[in-house]
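Structure first, then comments.
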Amino acid sequence: MATTTRMVTTTAEAPATVAAGLLHTLWLASPALPVGGFSYSEGLEAAVDAGLVRDEASAAAWLADQLQLSLARSDLAVVAQAIPAWRANDLARIRALNDWVLRTRETQEFRLQTEQMGRSLQAWAQSLGEFGGGVLQRLQAADLQPPTYPVAMACAAAASGAPLADSLAGFAFGWAENMVQAAIKSVPLGQSSGQRMLARLVTEIPGAVAYAMALGDEDRQAFTPLLAILSARHETQYSRLFRS
């Protein structure tokens, strides 16, 4: 009598491992993550008030420039270096990266944003309990005073086991979604305009990720004078939708 044997191989197990890392990356990139990124415009609202951003085309160009000239050179590069440091449990390296973020925020508004979002991500990890993958314990062991958002997010991404480039793409896409929503509300624009802007950013994120991964300590920078001026103005802007 013929029999059929069900084979379980490592090949069958591999897709489940990949899917877990992908799902974790999507989770961290989701606007539903309770870290408060949606409440900041990162100078965009002030740019609208100053007439520098006034329609879909200028908003798309503004965000593309911010991705390449600001995020890729600063926070994205920090995440690229912090994820391997978390995986190696190199706490001295993690503290140095966290200190760099704090020292290089160009305005009080930018510093308060990274501190608030870092603390919120730590609170999110605490709320997960057994589902937190040890993120809270690693953050507490590093004793960051306070944890900045890129370094705290790198800790959560490191726990996923996802490839470094995928984690960076998720970080950048989460930023892009928040900023597109800020543009829709502050210009204002429609949802179709938002999708076209997001489509443009999606085409530019892979290049930004590759650039960030190639940067060394001596190449990282946080130098965006116009963005800093607008952020400082936004702190006292008479009417605003977004947090300062």
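Naming scheme: A, B, ... for chains in displayed order of the structure tokens; residues 1 onward per chain; ligands 1 onward as shown.
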
Inset, instruction - Compile the contact shell of stretch 55-61 of chain A as a PyMOL selection string: residues with an atom at most 9 Å away, counting only C-alpha atoms, same-chain residues fewer than 3 positions apart removed. - result: chain A and resi 44+48+52+64-66+180+183-184+187-189+193-194+196-198+200-201

Store the residues picked out above in a file with C-alpha atoms, as a compact mmCIF listing (two decimals), in the first residue's frame.
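Printed below is again-v2.txt as written:
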# COMPACT_ATOMS: atom_id res chain seq x y z
CA LEU A 44 6.89 72.48 6.79
CA VAL A 48 3.72 77.19 4.08
CA LEU A 52 7.83 78.76 0.27
CA ALA A 64 12.26 65.32 -1.53
CA ASP A 65 14.96 67.84 -0.60
CA GLN A 66 14.36 67.25 3.10
CA VAL A 180 2.90 63.93 3.40
CA ALA A 183 1.53 68.75 3.74
CA ILE A 184 -2.06 67.69 3.05
CA VAL A 187 -1.06 73.60 2.36
CA PRO A 188 -3.87 72.21 2.15
CA LEU A 189 -3.99 69.48 -0.49
CA SER A 193 -1.95 64.97 -4.29
CA GLY A 194 -0.69 63.20 -1.18
CA ARG A 196 1.51 61.45 -5.85
CA MET A 197 3.93 63.04 -3.37
CA LEU A 198 4.31 59.73 -1.54
CA ARG A 200 7.81 60.41 -5.57
CA LEU A 201 9.32 59.88 -2.12

For stretch 15-96 of chain A against stretch 123-138 of chain A, with a cut-off of 10 Å and counting only C-alpha atoms, what is the closest atom pair and its distance in Å to one decimal for every residue that makes the cut, ordered by chain and number, as a tab-separated table?
residue	atom	partner	partner_atom	distance
A:Leu33	CA	A:Trp124	CA	8.2
A:Pro34	CA	A:Trp124	CA	6.9
A:Val35	CA	A:Trp124	CA	7.7
A:Trp86	CA	A:Arg138	CA	8.1
A:Asn89	CA	A:Arg138	CA	8.4
A:Leu91	CA	A:Arg138	CA	9.2

Just C-alpha atoms for this one: save the residues we selected as a JSON list (two decimals), in the first residue's frame.
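Final output, result-v8.json:
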[["chain", "number", "residue", "atom", "x", "y", "z"],
["A", 33, "LEU", "CA", 2.62, 53.43, 16.11],
["A", 34, "PRO", "CA", 1.89, 55.66, 19.12],
["A", 35, "VAL", "CA", 5.00, 57.84, 19.05],
["A", 86, "TRP", "CA", 22.22, 47.28, 19.35],
["A", 89, "ASN", "CA", 25.15, 45.15, 22.56],
["A", 91, "LEU", "CA", 26.27, 50.28, 24.72]]

Output as a tab-separated table one row per residue of stretch 100-178 of chain A within 10 Å of stretch 224-230 of chain A: the closest atom pair and its distance in Å to one decimal place, counting only C-alpha atoms, sorted by chain and residue number ascending.
residue	atom	partner	partner_atom	distance
A:Arg105	CA	A:Ala228	CA	8.9
A:Glu106	CA	A:Ala228	CA	5.8
A:Thr107	CA	A:Ala228	CA	6.2
A:Gln108	CA	A:Ala228	CA	9.7
A:Glu109	CA	A:Ala228	CA	9.3
A:Phe110	CA	A:Ala228	CA	8.5

Where in stretch 11-232 of chain A does DSSP assign helix (DSSP H, G or I), given as a short mmCIF file (atom, residue, chain, number, x, y, z; two decimals) with C-alpha atoms, in the first residue's frame?
data_model
loop_
_atom_site.label_atom_id
_atom_site.label_comp_id
_atom_site.auth_asym_id
_atom_site.auth_seq_id
_atom_site.Cartn_x
_atom_site.Cartn_y
_atom_site.Cartn_z
CA THR A 11 13.31 25.56 3.04
CA ALA A 12 9.69 25.60 4.16
CA GLU A 13 10.65 27.43 7.33
CA ALA A 14 12.59 30.24 5.61
CA PRO A 15 9.60 32.23 4.29
CA ALA A 16 8.11 32.38 7.79
CA THR A 17 11.33 33.95 9.09
CA VAL A 18 11.39 36.52 6.30
CA ALA A 19 7.70 37.32 6.80
CA ALA A 20 8.24 37.92 10.52
CA GLY A 21 10.97 40.47 9.84
CA LEU A 22 8.91 42.15 7.14
CA LEU A 23 5.83 42.37 9.34
CA HIS A 24 7.89 43.84 12.17
CA THR A 25 9.29 46.48 9.79
CA LEU A 26 5.79 47.36 8.56
CA TRP A 27 4.60 47.60 12.15
CA LEU A 28 7.35 50.06 13.07
CA ALA A 29 6.67 52.14 9.93
CA GLY A 37 5.16 61.65 14.65
CA PHE A 38 1.89 62.86 13.09
CA SER A 39 1.86 65.90 15.40
CA LEU A 44 6.89 72.48 6.79
CA GLU A 45 4.03 74.43 8.35
CA ALA A 46 6.29 77.46 8.74
CA ALA A 47 7.39 77.05 5.10
CA VAL A 48 3.72 77.19 4.08
CA ASP A 49 3.20 80.29 6.23
CA GLU A 56 1.58 70.10 -4.69
CA ALA A 57 4.68 70.71 -6.80
CA SER A 58 6.45 72.87 -4.20
CA ALA A 59 5.45 70.52 -1.37
CA ALA A 60 6.78 67.48 -3.25
CA ALA A 61 10.07 69.24 -4.03
CA TRP A 62 10.38 70.41 -0.41
CA LEU A 63 9.93 66.91 1.03
CA ALA A 64 12.26 65.32 -1.53
CA ASP A 65 14.96 67.84 -0.60
CA GLN A 66 14.36 67.25 3.10
CA LEU A 67 14.69 63.49 2.60
CA GLN A 68 18.02 63.81 0.78
CA LEU A 69 19.61 66.80 2.53
CA SER A 70 18.38 66.27 6.08
CA LEU A 71 17.03 62.82 6.92
CA ASP A 75 18.74 60.50 11.48
CA LEU A 76 18.75 57.79 8.79
CA ALA A 77 22.54 57.54 9.07
CA VAL A 78 22.25 57.26 12.86
CA VAL A 79 19.74 54.41 12.53
CA ALA A 80 22.07 52.67 10.06
CA GLN A 81 24.86 52.72 12.64
CA ALA A 82 22.73 52.13 15.73
CA ILE A 83 21.06 48.91 14.55
CA PRO A 84 24.36 46.97 14.34
CA ALA A 85 25.42 48.51 17.67
CA TRP A 86 22.22 47.28 19.35
CA ARG A 87 22.68 43.82 17.86
CA LEU A 91 26.27 50.28 24.72
CA ALA A 92 29.14 52.78 24.51
CA ARG A 93 28.53 53.17 20.78
CA ILE A 94 24.78 53.54 21.31
CA ARG A 95 25.27 56.27 23.93
CA ALA A 96 27.67 58.13 21.62
CA LEU A 97 25.13 58.07 18.78
CA ASN A 98 22.35 59.21 21.11
CA ASP A 99 24.51 62.08 22.39
CA TRP A 100 25.27 63.11 18.80
CA VAL A 101 21.57 63.37 18.00
CA LEU A 102 20.94 65.52 21.08
CA ARG A 103 23.90 67.81 20.36
CA THR A 104 23.03 68.38 16.72
CA GLN A 108 14.59 73.58 20.59
CA GLU A 109 11.56 72.33 18.62
CA PHE A 110 13.62 69.65 16.86
CA ARG A 111 15.22 68.55 20.13
CA LEU A 112 11.89 68.33 21.96
CA GLN A 113 10.51 66.27 19.06
CA THR A 114 13.25 63.65 19.13
CA GLU A 115 13.09 63.44 22.94
CA GLN A 116 9.30 63.13 23.07
CA MET A 117 9.18 60.51 20.30
CA GLY A 118 12.03 58.56 21.89
CA ARG A 119 10.27 58.47 25.26
CA SER A 120 7.00 57.50 23.57
CA LEU A 121 8.66 54.61 21.77
CA GLN A 122 10.11 53.39 25.07
CA ALA A 123 6.62 53.61 26.62
CA TRP A 124 5.26 51.65 23.63
CA ALA A 125 7.84 48.92 24.26
CA GLN A 126 6.86 48.82 27.92
CA SER A 127 3.18 48.48 27.03
CA LEU A 128 3.88 45.39 24.89
CA GLY A 129 5.03 43.32 27.86
CA GLU A 130 6.02 39.82 26.71
CA PHE A 131 5.49 40.83 23.07
CA GLY A 132 8.15 43.54 23.27
CA VAL A 135 13.31 46.24 23.51
CA LEU A 136 12.43 47.89 26.83
CA GLN A 137 15.13 45.98 28.68
CA ARG A 138 17.79 46.97 26.15
CA LEU A 139 16.76 50.62 26.26
CA GLN A 140 16.86 50.60 30.06
CA ALA A 141 20.26 48.90 30.08
CA ALA A 142 21.67 51.61 27.80
CA TYR A 149 13.85 58.73 18.48
CA PRO A 150 16.35 57.40 15.89
CA VAL A 151 18.32 55.48 18.50
CA ALA A 152 15.21 54.10 20.21
CA MET A 153 13.71 53.14 16.86
CA ALA A 154 16.96 51.42 15.91
CA CYS A 155 16.63 49.32 19.07
CA ALA A 156 13.15 48.20 18.04
CA ALA A 157 14.32 47.53 14.47
CA ALA A 158 17.32 45.54 15.67
CA LEU A 164 19.47 46.60 7.66
CA ALA A 165 18.39 48.17 4.36
CA ASP A 166 14.79 47.05 4.90
CA SER A 167 14.73 48.56 8.39
CA LEU A 168 16.07 51.86 7.06
CA ALA A 169 13.52 51.87 4.25
CA GLY A 170 10.78 51.34 6.83
CA PHE A 171 12.08 54.22 8.95
CA ALA A 172 12.21 56.53 5.94
CA PHE A 173 8.76 55.49 4.72
CA GLY A 174 7.25 56.14 8.15
CA TRP A 175 8.76 59.63 8.04
CA ALA A 176 7.46 60.15 4.50
CA GLU A 177 3.90 59.20 5.42
CA ASN A 178 3.86 61.60 8.35
CA MET A 179 5.29 64.46 6.31
CA VAL A 180 2.90 63.93 3.40
CA GLN A 181 0.00 64.07 5.84
CA ALA A 182 1.46 67.29 7.27
CA ALA A 183 1.53 68.75 3.74
CA ILE A 184 -2.06 67.69 3.05
CA LYS A 185 -3.24 69.46 6.19
CA SER A 186 -1.12 72.61 6.07
CA GLN A 191 -5.55 62.86 -0.90
CA SER A 192 -4.65 62.31 -4.57
CA SER A 193 -1.95 64.97 -4.29
CA GLY A 194 -0.69 63.20 -1.18
CA GLN A 195 -0.45 59.89 -3.00
CA ARG A 196 1.51 61.45 -5.85
CA MET A 197 3.93 63.04 -3.37
CA LEU A 198 4.31 59.73 -1.54
CA ALA A 199 4.97 57.98 -4.86
CA ARG A 200 7.81 60.41 -5.57
CA LEU A 201 9.32 59.88 -2.12
CA VAL A 202 9.09 56.10 -2.54
CA THR A 203 11.23 56.32 -5.67
CA GLU A 204 13.84 58.37 -3.77
CA ILE A 205 13.98 56.38 -0.53
CA PRO A 206 16.22 53.55 -1.83
CA GLY A 207 18.90 56.06 -2.86
CA ALA A 208 18.62 57.82 0.50
CA VAL A 209 19.00 54.50 2.30
CA ALA A 210 22.09 53.56 0.29
CA TYR A 211 23.60 56.97 0.97
CA ALA A 212 22.92 56.75 4.71
CA MET A 213 24.45 53.28 4.95
CA ALA A 214 27.66 54.51 3.32
CA PRO A 225 19.98 76.37 7.92
CA LEU A 226 16.69 77.26 6.20
CA LEU A 227 14.89 74.37 7.89
CA ALA A 228 16.32 75.46 11.26
CA ILE A 229 15.17 79.06 10.73
CA LEU A 230 11.67 77.89 9.83
CA SER A 231 11.55 75.56 12.82
CA ALA A 232 12.56 78.42 15.12
#

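Distance-wise, atom CA of A:Asp219 and atom CA of A:Ala162 end up 25.2 Å apart.
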
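Going from atom CA of A:Tyr40 to atom CA of A:His234 covers 10.6 Å.
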